[in-house]
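Listing of my_file.txt; format and content: compact mmCIF, C-alpha atoms.
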# COMPACT_ATOMS: atom_id res chain seq x y z
CA MET D 368 -98.34 -10.39 -4.07
CA ARG D 369 -102.00 -10.30 -5.08
CA TRP D 370 -103.00 -6.73 -4.37
CA VAL D 371 -106.38 -7.09 -6.09
CA GLN D 372 -107.55 -9.80 -3.71
CA SER D 373 -105.31 -9.26 -0.70
CA GLY D 374 -104.62 -5.53 -0.40
CA TRP D 375 -104.39 -5.71 3.39
CA LEU D 376 -101.56 -8.21 3.11
CA GLY D 377 -99.69 -5.73 0.92
CA VAL D 378 -100.13 -2.99 3.50
CA LEU D 379 -98.99 -5.32 6.30
CA LEU D 380 -95.92 -6.42 4.36
CA ALA D 381 -95.07 -2.83 3.49
CA LEU D 382 -95.32 -1.80 7.16
CA LEU D 383 -93.15 -4.70 8.28
CA VAL D 384 -90.54 -3.79 5.68
CA ALA D 385 -90.67 -0.10 6.55
CA CYS D 386 -90.16 -0.84 10.24
CA GLN D 387 -86.96 -2.74 9.54
CA PRO D 388 -84.56 -0.35 7.78
CA THR D 389 -81.72 -2.22 6.15
CA PRO D 390 -78.41 -0.72 5.04
CA VAL D 391 -78.05 -0.85 1.27
CA SER D 392 -74.73 -2.65 1.61
CA THR D 393 -76.44 -5.70 3.17
CA LEU D 394 -79.45 -5.87 0.86
CA THR D 395 -79.68 -8.78 -1.54
CA THR D 396 -81.11 -8.26 -5.00
CA ALA D 397 -84.08 -10.41 -3.99
CA SER D 398 -84.93 -8.22 -1.01
CA ILE D 399 -84.60 -5.05 -3.10
CA GLY D 400 -86.96 -6.52 -5.67
CA GLU D 401 -89.45 -7.60 -3.02
CA GLN D 402 -89.44 -4.19 -1.38
CA ILE D 403 -89.92 -2.29 -4.64
CA ARG D 404 -92.72 -4.63 -5.66
CA ALA D 405 -94.42 -4.33 -2.27
CA ARG D 406 -94.34 -0.53 -2.57
CA TYR D 407 -95.80 -0.49 -6.08
CA GLU D 408 -98.40 -3.18 -5.41
CA GLN D 409 -99.58 -1.20 -2.40
CA THR D 410 -99.96 2.04 -4.36
CA LEU D 411 -100.84 0.64 -7.80
CA PRO D 412 -104.47 1.88 -7.73
CA ASP D 413 -103.16 5.44 -7.26
CA LEU D 414 -101.01 5.43 -10.40
CA SER D 415 -102.26 6.87 -13.68
CA PRO D 416 -104.17 4.39 -15.90
CA ASP D 417 -101.30 4.10 -18.39
CA LYS D 418 -98.77 3.46 -15.63
CA GLN D 419 -101.08 0.84 -14.12
CA ARG D 420 -101.39 -0.87 -17.52
CA HIS D 421 -97.64 -0.76 -18.15
CA TYR D 422 -96.90 -2.23 -14.73
CA ALA D 423 -99.64 -4.89 -14.90
CA THR D 424 -98.63 -6.05 -18.39
CA ARG D 425 -94.97 -6.48 -17.44
CA LEU D 426 -95.81 -8.25 -14.18
CA TYR D 427 -98.22 -10.55 -15.98
CA ARG D 428 -95.55 -11.50 -18.50
CA ILE D 429 -93.07 -12.52 -15.80
CA THR D 430 -95.61 -14.14 -13.44
CA GLY D 431 -98.68 -15.19 -15.43
CA ASP D 432 -100.72 -13.97 -12.47
CA SER D 433 -104.38 -13.44 -13.46
CA ASP D 434 -104.76 -10.79 -10.76
CA TYR D 435 -103.23 -8.32 -13.25
CA LEU D 436 -105.85 -8.99 -15.93
CA PRO D 437 -108.51 -6.50 -14.72
CA ILE D 438 -106.13 -3.56 -15.18
CA ILE D 439 -104.99 -4.70 -18.63
CA TYR D 440 -108.56 -5.40 -19.74
CA GLN D 441 -110.06 -2.14 -18.49
CA ASN D 442 -107.30 -0.07 -20.06
CA LEU D 443 -107.78 -1.68 -23.47
CA ILE D 444 -111.59 -1.58 -23.43
CA GLY D 445 -111.49 1.96 -22.06
CA ASN D 446 -109.77 3.10 -25.28
CA ALA D 447 -112.13 1.24 -27.61
CA ASP D 448 -114.35 4.23 -28.39
CA PHE D 449 -111.39 6.46 -29.30
CA LEU D 450 -109.95 3.76 -31.55
CA GLN D 451 -113.30 3.13 -33.21
CA GLN D 452 -113.68 6.84 -33.92
CA ASP D 453 -110.32 6.93 -35.71
CA LEU D 454 -111.09 3.74 -37.64
CA SER D 455 -114.43 5.12 -38.78
CA GLN D 456 -112.74 8.21 -40.31
CA LEU D 457 -109.89 6.56 -42.20
CA HIS D 458 -111.40 7.71 -45.51
CA ASN D 459 -111.34 11.36 -44.38
CA ARG D 460 -107.93 12.95 -45.02
CA ASP D 461 -108.92 16.19 -43.26
CA TYR D 462 -109.78 14.19 -40.15
CA ARG D 463 -106.50 12.27 -40.30
CA LEU D 464 -104.45 15.45 -40.62
CA SER D 465 -106.40 17.16 -37.85
CA ARG D 466 -105.88 14.20 -35.52
CA ALA D 467 -102.19 14.08 -36.47
CA ARG D 468 -101.74 17.74 -35.48
CA GLN D 469 -103.72 17.18 -32.29
CA ILE D 470 -101.54 14.21 -31.32
CA ALA D 471 -98.30 16.01 -32.16
CA ARG D 472 -99.27 19.17 -30.28
CA ALA D 473 -100.17 17.13 -27.22
CA TYR D 474 -96.68 15.60 -27.14
CA ARG D 475 -94.72 16.67 -24.08
CA ASP D 476 -92.28 19.55 -24.52
CA ASP D 477 -90.81 20.05 -21.05
CA THR D 478 -87.24 19.28 -22.15
CA ARG D 479 -85.15 20.22 -25.18
CA LYS D 480 -85.16 16.57 -26.30
CA HIS D 481 -88.93 16.37 -26.26
CA GLN D 482 -89.31 19.76 -27.93
CA HIS D 483 -87.19 18.50 -30.82
CA ARG D 484 -89.23 15.31 -31.07
CA LYS D 485 -92.43 17.34 -31.09
CA GLN D 486 -91.18 19.48 -33.99
CA LEU D 487 -90.26 16.36 -35.95
CA LEU D 488 -93.74 14.93 -35.44
CA LEU D 489 -95.35 18.18 -36.58
CA ALA D 490 -93.25 18.09 -39.76
CA TYR D 491 -94.52 14.67 -40.84
CA ASP D 492 -98.16 15.28 -41.82
CA GLU D 493 -100.19 12.12 -41.12
CA ILE D 494 -97.42 10.18 -39.38
CA PRO D 495 -98.49 11.06 -35.80
CA PHE D 496 -101.98 9.76 -36.57
CA ALA D 497 -100.65 6.61 -38.27
CA LYS D 498 -98.11 6.07 -35.49
CA ASN D 499 -100.84 6.34 -32.84
CA LEU D 500 -103.13 3.96 -34.74
CA LEU D 501 -100.26 1.49 -35.20
CA TYR D 502 -99.62 1.50 -31.44
CA TYR D 503 -103.24 0.72 -30.57
CA LEU D 504 -103.73 -1.92 -33.25
CA ASN D 505 -100.58 -3.66 -32.05
CA LYS D 506 -101.91 -3.62 -28.50
CA VAL D 507 -105.29 -5.03 -29.60
CA ASP D 508 -103.46 -7.75 -31.54
CA GLN D 509 -101.10 -8.66 -28.69
CA PHE D 510 -104.06 -9.02 -26.34
CA GLY D 511 -105.93 -11.35 -28.68
CA LEU D 512 -108.83 -9.07 -29.69
CA ALA D 513 -107.96 -8.13 -33.27
CA GLY D 514 -111.13 -8.44 -35.38
CA LYS D 515 -113.23 -9.24 -32.31
CA PRO D 516 -115.79 -6.94 -30.67
CA PRO D 517 -115.43 -4.10 -29.94
CA PHE D 518 -112.44 -4.03 -32.33
CA THR D 519 -114.12 -5.49 -35.42
CA ARG D 520 -112.68 -2.81 -37.74
CA THR D 521 -109.04 -3.60 -37.12
CA GLU D 522 -108.54 -4.97 -40.66
CA GLN D 523 -109.57 -1.60 -42.08
CA GLY D 524 -106.93 0.02 -39.91
CA LEU D 525 -104.30 -2.42 -41.16
CA ASP D 526 -105.29 -1.69 -44.78
CA TYR D 527 -104.76 2.02 -44.15
CA LEU D 528 -101.40 1.46 -42.42
CA ARG D 529 -100.17 -0.56 -45.41
CA GLN D 530 -100.53 2.59 -47.51
CA VAL D 531 -98.52 4.81 -45.16
CA ASP D 532 -94.89 5.54 -46.07
CA PHE D 533 -93.45 4.70 -42.66
CA ALA D 534 -89.96 4.21 -44.11
CA ARG D 535 -89.70 7.94 -44.83
CA PHE D 536 -90.06 8.63 -41.11
CA ILE D 537 -88.38 5.58 -39.57
CA LEU D 538 -85.23 5.71 -41.72
CA ASP D 539 -84.73 9.48 -41.49
CA PRO D 540 -81.33 9.96 -39.77
CA GLU D 541 -82.55 13.03 -37.88
CA VAL D 542 -85.55 11.13 -36.56
CA ILE D 543 -83.39 8.14 -35.61
CA ALA D 544 -81.05 10.41 -33.65
CA ALA D 545 -83.95 11.93 -31.73
CA TYR D 546 -86.44 9.11 -31.51
CA SER D 547 -84.62 5.78 -31.71
CA PRO D 548 -86.44 3.73 -29.01
CA GLN D 549 -89.87 4.61 -30.34
CA LEU D 550 -88.77 3.85 -33.91
CA ALA D 551 -87.55 0.41 -32.83
CA ASN D 552 -91.00 -0.19 -31.35
CA MET D 553 -92.69 0.91 -34.57
CA VAL D 554 -90.48 -1.34 -36.69
CA TYR D 555 -91.55 -4.41 -34.73
CA TYR D 556 -95.19 -3.35 -34.59
CA LEU D 557 -95.16 -3.14 -38.40
CA HIS D 558 -93.51 -6.52 -38.71
CA GLY D 559 -95.70 -8.23 -36.11
CA LEU D 560 -98.88 -6.98 -37.77
CA GLY D 561 -97.72 -8.11 -41.21
CA ILE D 562 -97.67 -4.58 -42.61
CA ARG D 563 -94.02 -4.15 -43.61
CA ASP D 564 -90.62 -5.51 -42.64
CA LEU D 565 -88.22 -2.65 -41.92
CA ARG D 566 -86.13 -4.51 -39.37
CA GLU D 567 -82.94 -4.82 -41.40
CA PRO D 568 -83.13 -1.36 -43.06
CA PHE D 569 -83.70 0.23 -39.66
CA GLN D 570 -80.76 -1.53 -38.06
CA GLN D 571 -78.52 -0.49 -40.95
CA ALA D 572 -79.68 3.12 -40.74
CA PHE D 573 -79.33 3.06 -36.96
CA ARG D 574 -75.70 1.88 -37.19
CA GLN D 575 -74.89 4.74 -39.57
CA VAL D 576 -76.35 7.30 -37.17
CA PHE D 577 -74.73 5.66 -34.13
CA PRO D 578 -71.39 4.15 -35.21
CA ASP D 579 -69.56 1.66 -33.01
CA GLN D 580 -67.24 3.86 -30.98
CA PRO D 581 -66.26 4.22 -27.31
CA PRO D 582 -69.11 5.72 -25.25
CA GLN D 583 -69.11 9.43 -24.47
CA PRO D 584 -71.60 10.73 -21.89
CA GLY D 585 -74.50 12.77 -23.21
CA PRO D 586 -77.94 12.60 -24.85
CA ALA D 587 -76.60 10.89 -27.99
CA LEU D 588 -75.30 7.94 -25.98
CA GLU D 589 -78.60 7.58 -24.14
CA ALA D 590 -80.48 7.61 -27.46
CA GLN D 591 -78.08 5.02 -28.88
CA VAL D 592 -78.29 2.54 -25.99
CA TYR D 593 -82.04 3.03 -25.53
CA GLY D 594 -82.51 2.32 -29.21
CA MET D 595 -80.35 -0.80 -28.98
CA THR D 596 -82.22 -2.22 -26.00
CA HIS D 597 -85.58 -1.49 -27.59
CA VAL D 598 -84.65 -3.41 -30.73
CA ILE D 599 -84.12 -6.51 -28.58
CA ILE D 600 -87.06 -5.92 -26.26
CA ALA D 601 -89.39 -5.26 -29.21
CA ALA D 602 -88.14 -8.43 -30.90
CA SER D 603 -89.19 -10.34 -27.78
CA GLY D 604 -92.72 -8.97 -28.10
CA TYR D 605 -92.05 -6.92 -24.96
CA TYR D 606 -91.04 -9.81 -22.73
CA GLN D 607 -93.32 -12.44 -24.28
CA LYS D 608 -90.63 -14.73 -25.68
CA PRO D 609 -86.85 -15.22 -25.47
CA ILE D 610 -84.52 -14.07 -28.21
CA ARG D 611 -81.28 -15.42 -29.68
CA ARG D 612 -78.11 -13.45 -29.04
CA GLU D 613 -76.73 -14.27 -32.49
CA ASP D 614 -79.62 -12.40 -34.12
CA PHE D 615 -78.41 -9.18 -32.49
CA ALA D 616 -74.72 -9.90 -31.99
CA TRP D 617 -73.66 -6.33 -32.84
CA ILE D 618 -75.85 -4.98 -30.03
CA PHE D 619 -74.88 -7.55 -27.41
CA ASP D 620 -71.19 -7.22 -28.23
CA TYR D 621 -71.34 -3.44 -27.82
CA LEU D 622 -73.28 -3.58 -24.56
CA GLU D 623 -70.98 -6.24 -23.12
CA ARG D 624 -67.78 -4.53 -24.19
CA HIS D 625 -68.75 -1.14 -22.77
CA HIS D 626 -71.18 -2.05 -19.98
CA ARG D 627 -69.25 -0.38 -17.15
CA ASP D 628 -69.06 2.93 -19.00
CA LEU D 629 -72.70 2.63 -20.06
CA ILE D 630 -73.77 2.16 -16.43
CA ALA D 631 -71.67 5.16 -15.40
CA TYR D 632 -72.86 7.42 -18.23
CA THR D 633 -76.58 6.57 -18.49
CA LYS D 634 -79.58 6.30 -16.16
CA PRO D 635 -81.11 3.26 -14.41
CA ASP D 636 -83.95 2.94 -16.93
CA ILE D 637 -81.42 2.41 -19.69
CA TYR D 638 -78.91 0.13 -18.04
CA THR D 639 -81.61 -1.99 -16.40
CA GLU D 640 -83.08 -2.61 -19.86
CA MET D 641 -79.55 -3.56 -20.90
CA ALA D 642 -79.50 -6.30 -18.24
CA LEU D 643 -82.98 -7.49 -19.26
CA CYS D 644 -81.73 -7.96 -22.81
CA PHE D 645 -79.14 -10.45 -21.54
CA LEU D 646 -81.85 -12.22 -19.53
CA LEU D 647 -84.00 -12.45 -22.66
CA ALA D 648 -81.05 -14.17 -24.34
CA GLY D 649 -80.75 -16.67 -21.48
CA GLU D 650 -77.55 -15.10 -20.14
CA GLY D 651 -78.50 -14.51 -16.53
CA ASP D 652 -74.93 -15.21 -15.45
CA SER D 653 -73.54 -12.41 -17.65
CA PRO D 654 -71.24 -9.92 -15.89
CA VAL D 655 -73.48 -7.22 -17.36
CA VAL D 656 -76.42 -8.45 -15.26
CA ALA D 657 -74.27 -8.60 -12.12
CA ALA D 658 -72.90 -5.10 -12.71
CA VAL D 659 -76.39 -3.66 -13.21
CA ARG D 660 -77.62 -5.27 -9.99
CA GLN D 661 -74.69 -3.76 -8.14
CA ALA D 662 -75.43 -0.32 -9.62
CA LEU D 663 -79.09 -0.55 -8.61
CA GLU D 664 -78.12 -1.49 -5.05
CA GLN D 665 -76.17 1.75 -4.87
CA ARG D 666 -79.13 3.73 -6.24
CA TYR D 667 -81.79 2.05 -4.12
CA ASP D 668 -83.53 4.17 -1.46
CA PRO D 669 -84.58 1.82 1.40
CA GLN D 670 -86.82 4.46 2.98
CA ALA D 671 -88.78 5.08 -0.24
CA ARG D 672 -88.47 1.42 -1.25
CA MET D 673 -87.74 2.32 -4.87
CA ILE D 674 -85.03 3.45 -7.26
CA PRO D 675 -85.37 7.25 -7.19
CA SER D 676 -84.72 9.68 -10.04
CA PRO D 677 -82.20 12.54 -9.85
CA ARG D 678 -84.85 14.77 -11.45
CA TRP D 679 -88.16 13.44 -10.12
CA GLY D 680 -87.05 12.01 -6.79
CA THR D 681 -89.42 9.38 -5.43
CA ASP D 682 -92.49 10.31 -7.49
CA LEU D 683 -94.21 6.95 -8.03
CA ASN D 684 -95.75 7.77 -11.41
CA LYS D 685 -92.52 9.20 -12.82
CA GLY D 686 -90.59 6.25 -11.43
CA GLU D 687 -92.89 3.44 -12.58
CA HIS D 688 -90.91 2.57 -15.71
CA ARG D 689 -87.58 2.49 -13.91
CA ASN D 690 -88.90 0.50 -10.97
CA VAL D 691 -90.94 -2.06 -12.86
CA LEU D 692 -87.78 -2.83 -14.85
CA ALA D 693 -85.96 -3.36 -11.56
CA ILE D 694 -88.73 -5.68 -10.33
CA MET D 695 -88.44 -7.69 -13.53
CA LEU D 696 -84.68 -7.95 -13.16
CA TYR D 697 -84.97 -9.31 -9.62
CA HIS D 698 -87.93 -11.61 -10.37
CA TRP D 699 -86.90 -12.95 -13.77
CA PRO D 700 -88.76 -16.23 -14.41
CA LYS D 701 -87.70 -19.49 -15.98
CA GLN D 702 -90.52 -19.05 -18.49
CA LEU D 703 -92.22 -15.93 -19.85
CA HIS D 704 -96.00 -15.66 -20.22
CA PRO D 705 -97.24 -14.32 -23.58
CA GLY D 706 -100.32 -12.19 -23.93
CA PRO D 707 -102.56 -12.11 -22.06
CA ASP D 708 -105.16 -13.33 -24.53
CA LEU D 709 -108.14 -11.30 -23.36
CA SER D 710 -110.53 -13.18 -25.66
CA ARG D 711 -110.40 -15.91 -23.00
CA TYR D 712 -110.92 -13.50 -20.11
CA PRO D 713 -114.28 -14.27 -18.38
CA LEU D 714 -115.33 -10.62 -18.09
CA TYR D 715 -114.73 -10.09 -21.82
CA ARG D 716 -116.65 -13.22 -22.74
CA LYS D 717 -119.53 -12.18 -20.51
CA HIS D 718 -119.81 -8.69 -21.98
CA TYR D 719 -119.00 -9.31 -25.65
CA ILE D 720 -119.37 -12.97 -26.54
CA ALA D 721 -122.43 -13.99 -24.51
CA LEU D 722 -124.36 -10.97 -25.87
CA GLN D 723 -124.07 -12.34 -29.41
CA TYR D 724 -126.17 -15.39 -28.57
Starting from the file, give its structure as structure tokens.
Amino acid sequence: MRWVQSGWLGVLLALLVACQPTPVSTLTTASIGEQIRARYEQTLPDLSPDKQRHYATRLYRITGDSDYLPIIYQNLIGNADFLQQDLSQLHNRDYRLSRARQIARAYRDDTRKHQHRKQLLLAYDEIPFAKNLLYYLNKVDQFGLAGKPPFTRTEQGLDYLRQVDFARFILDPEVIAAYSPQLANMVYYLHGLGIRDLREPFQQAFRQVFPDQPPQPGPALEAQVYGMTHVIIAASGYYQKPIRREDFAWIFDYLERHHRDLIAYTKPDIYTEMALCFLLAGEGDSPVVAAVRQALEQRYDPQARMIPSPRWGTDLNKGEHRNVLAIMLYHWPKQLHPGPDLSRYPLYRKHYIALQY
């Protein structure tokens, strides 16, 4: 659905769907996916900017639909001034430490898990600043604007990041136990940007923190499986390219062997990512994928047209991650779409390239 150009069609489709309640037992995975997508496309402009960007990027990578480009572009350009400010102060240690404390203190602390993560960030000096800079430089690079206006200082940022001792943070067992998905992301950002290759050391450290044993419900299991799925998803460039199962056999074997317990003991965000990992490996006929689809059918709320959360209910912002994963599962393409390369985007070329001539 092209909500940018045909919003009224989205509203009409949503009304037609809403007027025809369907028992969950008779829903097909395709109809669940269509209904969730119709709901989110209809309300996408009302989501927070970061949720809009997350949704639009994932939908672009499974559809290649240019209608999602305005959201992705505006979100990246909208952060350009903040990134430029940080890049301009890389020489200033006091600034870096101040920004690190600011970033760490702003980290959410509404649960015990997040309070612990926040304390770990506060204990690591410049790491919150470096971590934040790494995230944005990776995003600029993935969208094809590294070294291009308004991101002409990206090489300076990379030079600074090469001097940061990320291994001290990423390979710390306590940090791995508390922060495994985000660490997996960082590992692949560092590798993709040519800064440092910590992929193998991280996987070895991860397997020491989370040994291969039968699943037991609780926060440790969620951290373990989330970390596993993020290793694979990060290796794919966040759904930009397929991966090979043999490169991550220890993860796939664990997920496959225990998938029924993992579905029972974890939440939809986690086990839907588990299914997407098998799709990234070209195993759409895996029993893991079928079991996850069945579990989502049981969780699906046909009135809200989404997968609700036990904690947050049908809040659209809180549910965006969970539901965009479900959309991807039900709309998985034959070919993924890398990027987008915003250097080719007409609005970018008009504002930044044409002005140079």
Using all atoms listed in the file, the best pick from D:Asp508, D:Glu687, D:Glu623, D:Glu613 as closest to Arg425 (chain D) would be D:Glu687
Restricting to only C-alpha atoms, whichever of D:Pro568, D:Gly524, D:Gly649, D:Gly514 is closest to Tyr502 (chain D) is D:Gly524
message = I'd like the contact shell of region 676-686 of chain D - 8 Å cut-off, only C-alpha atoms, skipping same-chain residues fewer than 2 positions apart - returned as a PyMOL selection string.
response = chain D and resi 407+414-415+418+671+673-674+688-690
Worksheet item: Quick one, how far is CA of Tyr422 (chain D) from CA of Tyr546 (chain D)?
Response: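 Separation between CA of Tyr422 (chain D) and CA of Tyr546 (chain D): 22.8 Å.
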#### Entry: Neighbour list for region 704-718 of chain D as a VMD selection string, cut-off 12 Å, all atoms listed in the file, skip fewer than 2 positions in-chain
chain D and resid 423 to 444 505 to 518 603 to 609 699 to 702 720 to 724
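In this structure, CA of Tyr462 (chain D) sits 11.8 Å away from CA of Asp492 (chain D).
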(message) Measuring between all atoms listed in the file, which one of D:Ile537, D:Ala490, D:Val691, D:Val659 shows the shortest distance to Val554 (chain D)?
(response)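 Ranked by minimum distance to Val554 (chain D), first place goes to D:Ile537.
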Non-local contacts of Arg627 (chain D) (10 Å; all atoms listed in the file; under 2 positions in same chain excluded) as a ChimeraX atom specification | /D:622-625,629-632,638,654-655,658-659,662
Expected axis-aligned box over every listed atom of region 463-470 of chain D, 5 Å added per side, centre plus edges in Å to one decimal, as AutoDock Vina command-line options:
--center_x -104.0 --center_y 15.0 --center_z -36.0 --size_x 15.0 --size_y 15.5 --size_z 19.3
Next item on the list: Kindly indicate which residue among D:Ala587, D:Thr521, D:Arg535, D:Tyr697 lies nearest to Tyr503 (chain D), using only C-alpha atoms for the distances.
Entry: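 Of D:Ala587, D:Thr521, D:Arg535, D:Tyr697, the one nearest Tyr503 (chain D) is D:Thr521, counting only C-alpha atoms.
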Could I get region 647-656 of chain D rebuilt with all heavy atoms, written as a PDB file, keeping the file's coordinate frame?
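Result saved to part.pdb:
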ATOM      1  N   LEU D 647     -83.190 -11.965 -21.550  1.00  0.00           N
ATOM      2  CA  LEU D 647     -84.000 -12.450 -22.660  1.00  0.00           C
ATOM      3  C   LEU D 647     -83.218 -13.432 -23.534  1.00  0.00           C
ATOM      4  O   LEU D 647     -83.802 -14.327 -24.150  1.00  0.00           O
ATOM      5  CB  LEU D 647     -84.492 -11.279 -23.525  1.00  0.00           C
ATOM      6  CG  LEU D 647     -85.665 -10.476 -22.966  1.00  0.00           C
ATOM      7  CD1 LEU D 647     -85.830  -9.159 -23.721  1.00  0.00           C
ATOM      8  CD2 LEU D 647     -86.959 -11.288 -23.027  1.00  0.00           C
ATOM      9  N   ALA D 648     -81.902 -13.269 -23.564  1.00  0.00           N
ATOM     10  CA  ALA D 648     -81.050 -14.170 -24.340  1.00  0.00           C
ATOM     11  C   ALA D 648     -80.597 -15.375 -23.531  1.00  0.00           C
ATOM     12  O   ALA D 648     -79.775 -16.165 -24.009  1.00  0.00           O
ATOM     13  CB  ALA D 648     -79.844 -13.409 -24.869  1.00  0.00           C
ATOM     14  N   GLY D 649     -81.116 -15.532 -22.313  1.00  0.00           N
ATOM     15  CA  GLY D 649     -80.750 -16.670 -21.480  1.00  0.00           C
ATOM     16  C   GLY D 649     -79.387 -16.547 -20.837  1.00  0.00           C
ATOM     17  O   GLY D 649     -78.788 -17.556 -20.441  1.00  0.00           O
ATOM     18  N   GLU D 650     -78.883 -15.317 -20.693  1.00  0.00           N
ATOM     19  CA  GLU D 650     -77.550 -15.100 -20.140  1.00  0.00           C
ATOM     20  C   GLU D 650     -77.639 -14.424 -18.770  1.00  0.00           C
ATOM     21  O   GLU D 650     -77.081 -13.351 -18.543  1.00  0.00           O
ATOM     22  CB  GLU D 650     -76.699 -14.290 -21.109  1.00  0.00           C
ATOM     23  CG  GLU D 650     -76.481 -14.990 -22.442  1.00  0.00           C
ATOM     24  CD  GLU D 650     -75.486 -14.270 -23.347  1.00  0.00           C
ATOM     25  OE1 GLU D 650     -74.689 -13.461 -22.837  1.00  0.00           O
ATOM     26  OE2 GLU D 650     -75.523 -14.524 -24.563  1.00  0.00           O
ATOM     27  N   GLY D 651     -78.352 -15.064 -17.864  1.00  0.00           N
ATOM     28  CA  GLY D 651     -78.500 -14.510 -16.530  1.00  0.00           C
ATOM     29  C   GLY D 651     -77.208 -14.437 -15.747  1.00  0.00           C
ATOM     30  O   GLY D 651     -77.100 -13.662 -14.785  1.00  0.00           O
ATOM     31  N   ASP D 652     -76.210 -15.231 -16.139  1.00  0.00           N
ATOM     32  CA  ASP D 652     -74.930 -15.210 -15.450  1.00  0.00           C
ATOM     33  C   ASP D 652     -73.945 -14.235 -16.080  1.00  0.00           C
ATOM     34  O   ASP D 652     -72.758 -14.212 -15.715  1.00  0.00           O
ATOM     35  CB  ASP D 652     -74.318 -16.612 -15.426  1.00  0.00           C
ATOM     36  CG  ASP D 652     -74.123 -17.183 -16.832  1.00  0.00           C
ATOM     37  OD1 ASP D 652     -74.602 -16.564 -17.809  1.00  0.00           O
ATOM     38  OD2 ASP D 652     -73.488 -18.253 -16.946  1.00  0.00           O
ATOM     39  N   SER D 653     -74.411 -13.392 -16.993  1.00  0.00           N
ATOM     40  CA  SER D 653     -73.540 -12.410 -17.650  1.00  0.00           C
ATOM     41  C   SER D 653     -73.007 -11.404 -16.634  1.00  0.00           C
ATOM     42  O   SER D 653     -73.731 -10.968 -15.726  1.00  0.00           O
ATOM     43  CB  SER D 653     -74.319 -11.670 -18.739  1.00  0.00           C
ATOM     44  OG  SER D 653     -73.620 -10.518 -19.168  1.00  0.00           O
ATOM     45  N   PRO D 654     -71.756 -10.983 -16.768  1.00  0.00           N
ATOM     46  CA  PRO D 654     -71.240  -9.920 -15.890  1.00  0.00           C
ATOM     47  C   PRO D 654     -72.001  -8.611 -16.046  1.00  0.00           C
ATOM     48  O   PRO D 654     -71.991  -7.778 -15.131  1.00  0.00           O
ATOM     49  CB  PRO D 654     -69.780  -9.777 -16.344  1.00  0.00           C
ATOM     50  CG  PRO D 654     -69.697 -10.429 -17.682  1.00  0.00           C
ATOM     51  CD  PRO D 654     -70.735 -11.491 -17.692  1.00  0.00           C
ATOM     52  N   VAL D 655     -72.667  -8.426 -17.174  1.00  0.00           N
ATOM     53  CA  VAL D 655     -73.480  -7.220 -17.360  1.00  0.00           C
ATOM     54  C   VAL D 655     -74.637  -7.213 -16.358  1.00  0.00           C
ATOM     55  O   VAL D 655     -74.921  -6.191 -15.716  1.00  0.00           O
ATOM     56  CB  VAL D 655     -74.020  -7.150 -18.801  1.00  0.00           C
ATOM     57  CG1 VAL D 655     -74.914  -5.921 -18.972  1.00  0.00           C
ATOM     58  CG2 VAL D 655     -72.864  -7.122 -19.800  1.00  0.00           C
ATOM     59  N   VAL D 656     -75.299  -8.349 -16.205  1.00  0.00           N
ATOM     60  CA  VAL D 656     -76.420  -8.450 -15.260  1.00  0.00           C
ATOM     61  C   VAL D 656     -75.929  -8.202 -13.841  1.00  0.00           C
ATOM     62  O   VAL D 656     -76.539  -7.451 -13.067  1.00  0.00           O
ATOM     63  CB  VAL D 656     -77.105  -9.823 -15.376  1.00  0.00           C
ATOM     64  CG1 VAL D 656     -78.206  -9.967 -14.326  1.00  0.00           C
ATOM     65  CG2 VAL D 656     -77.681 -10.013 -16.778  1.00  0.00           C
TER      66      VAL D 656
END
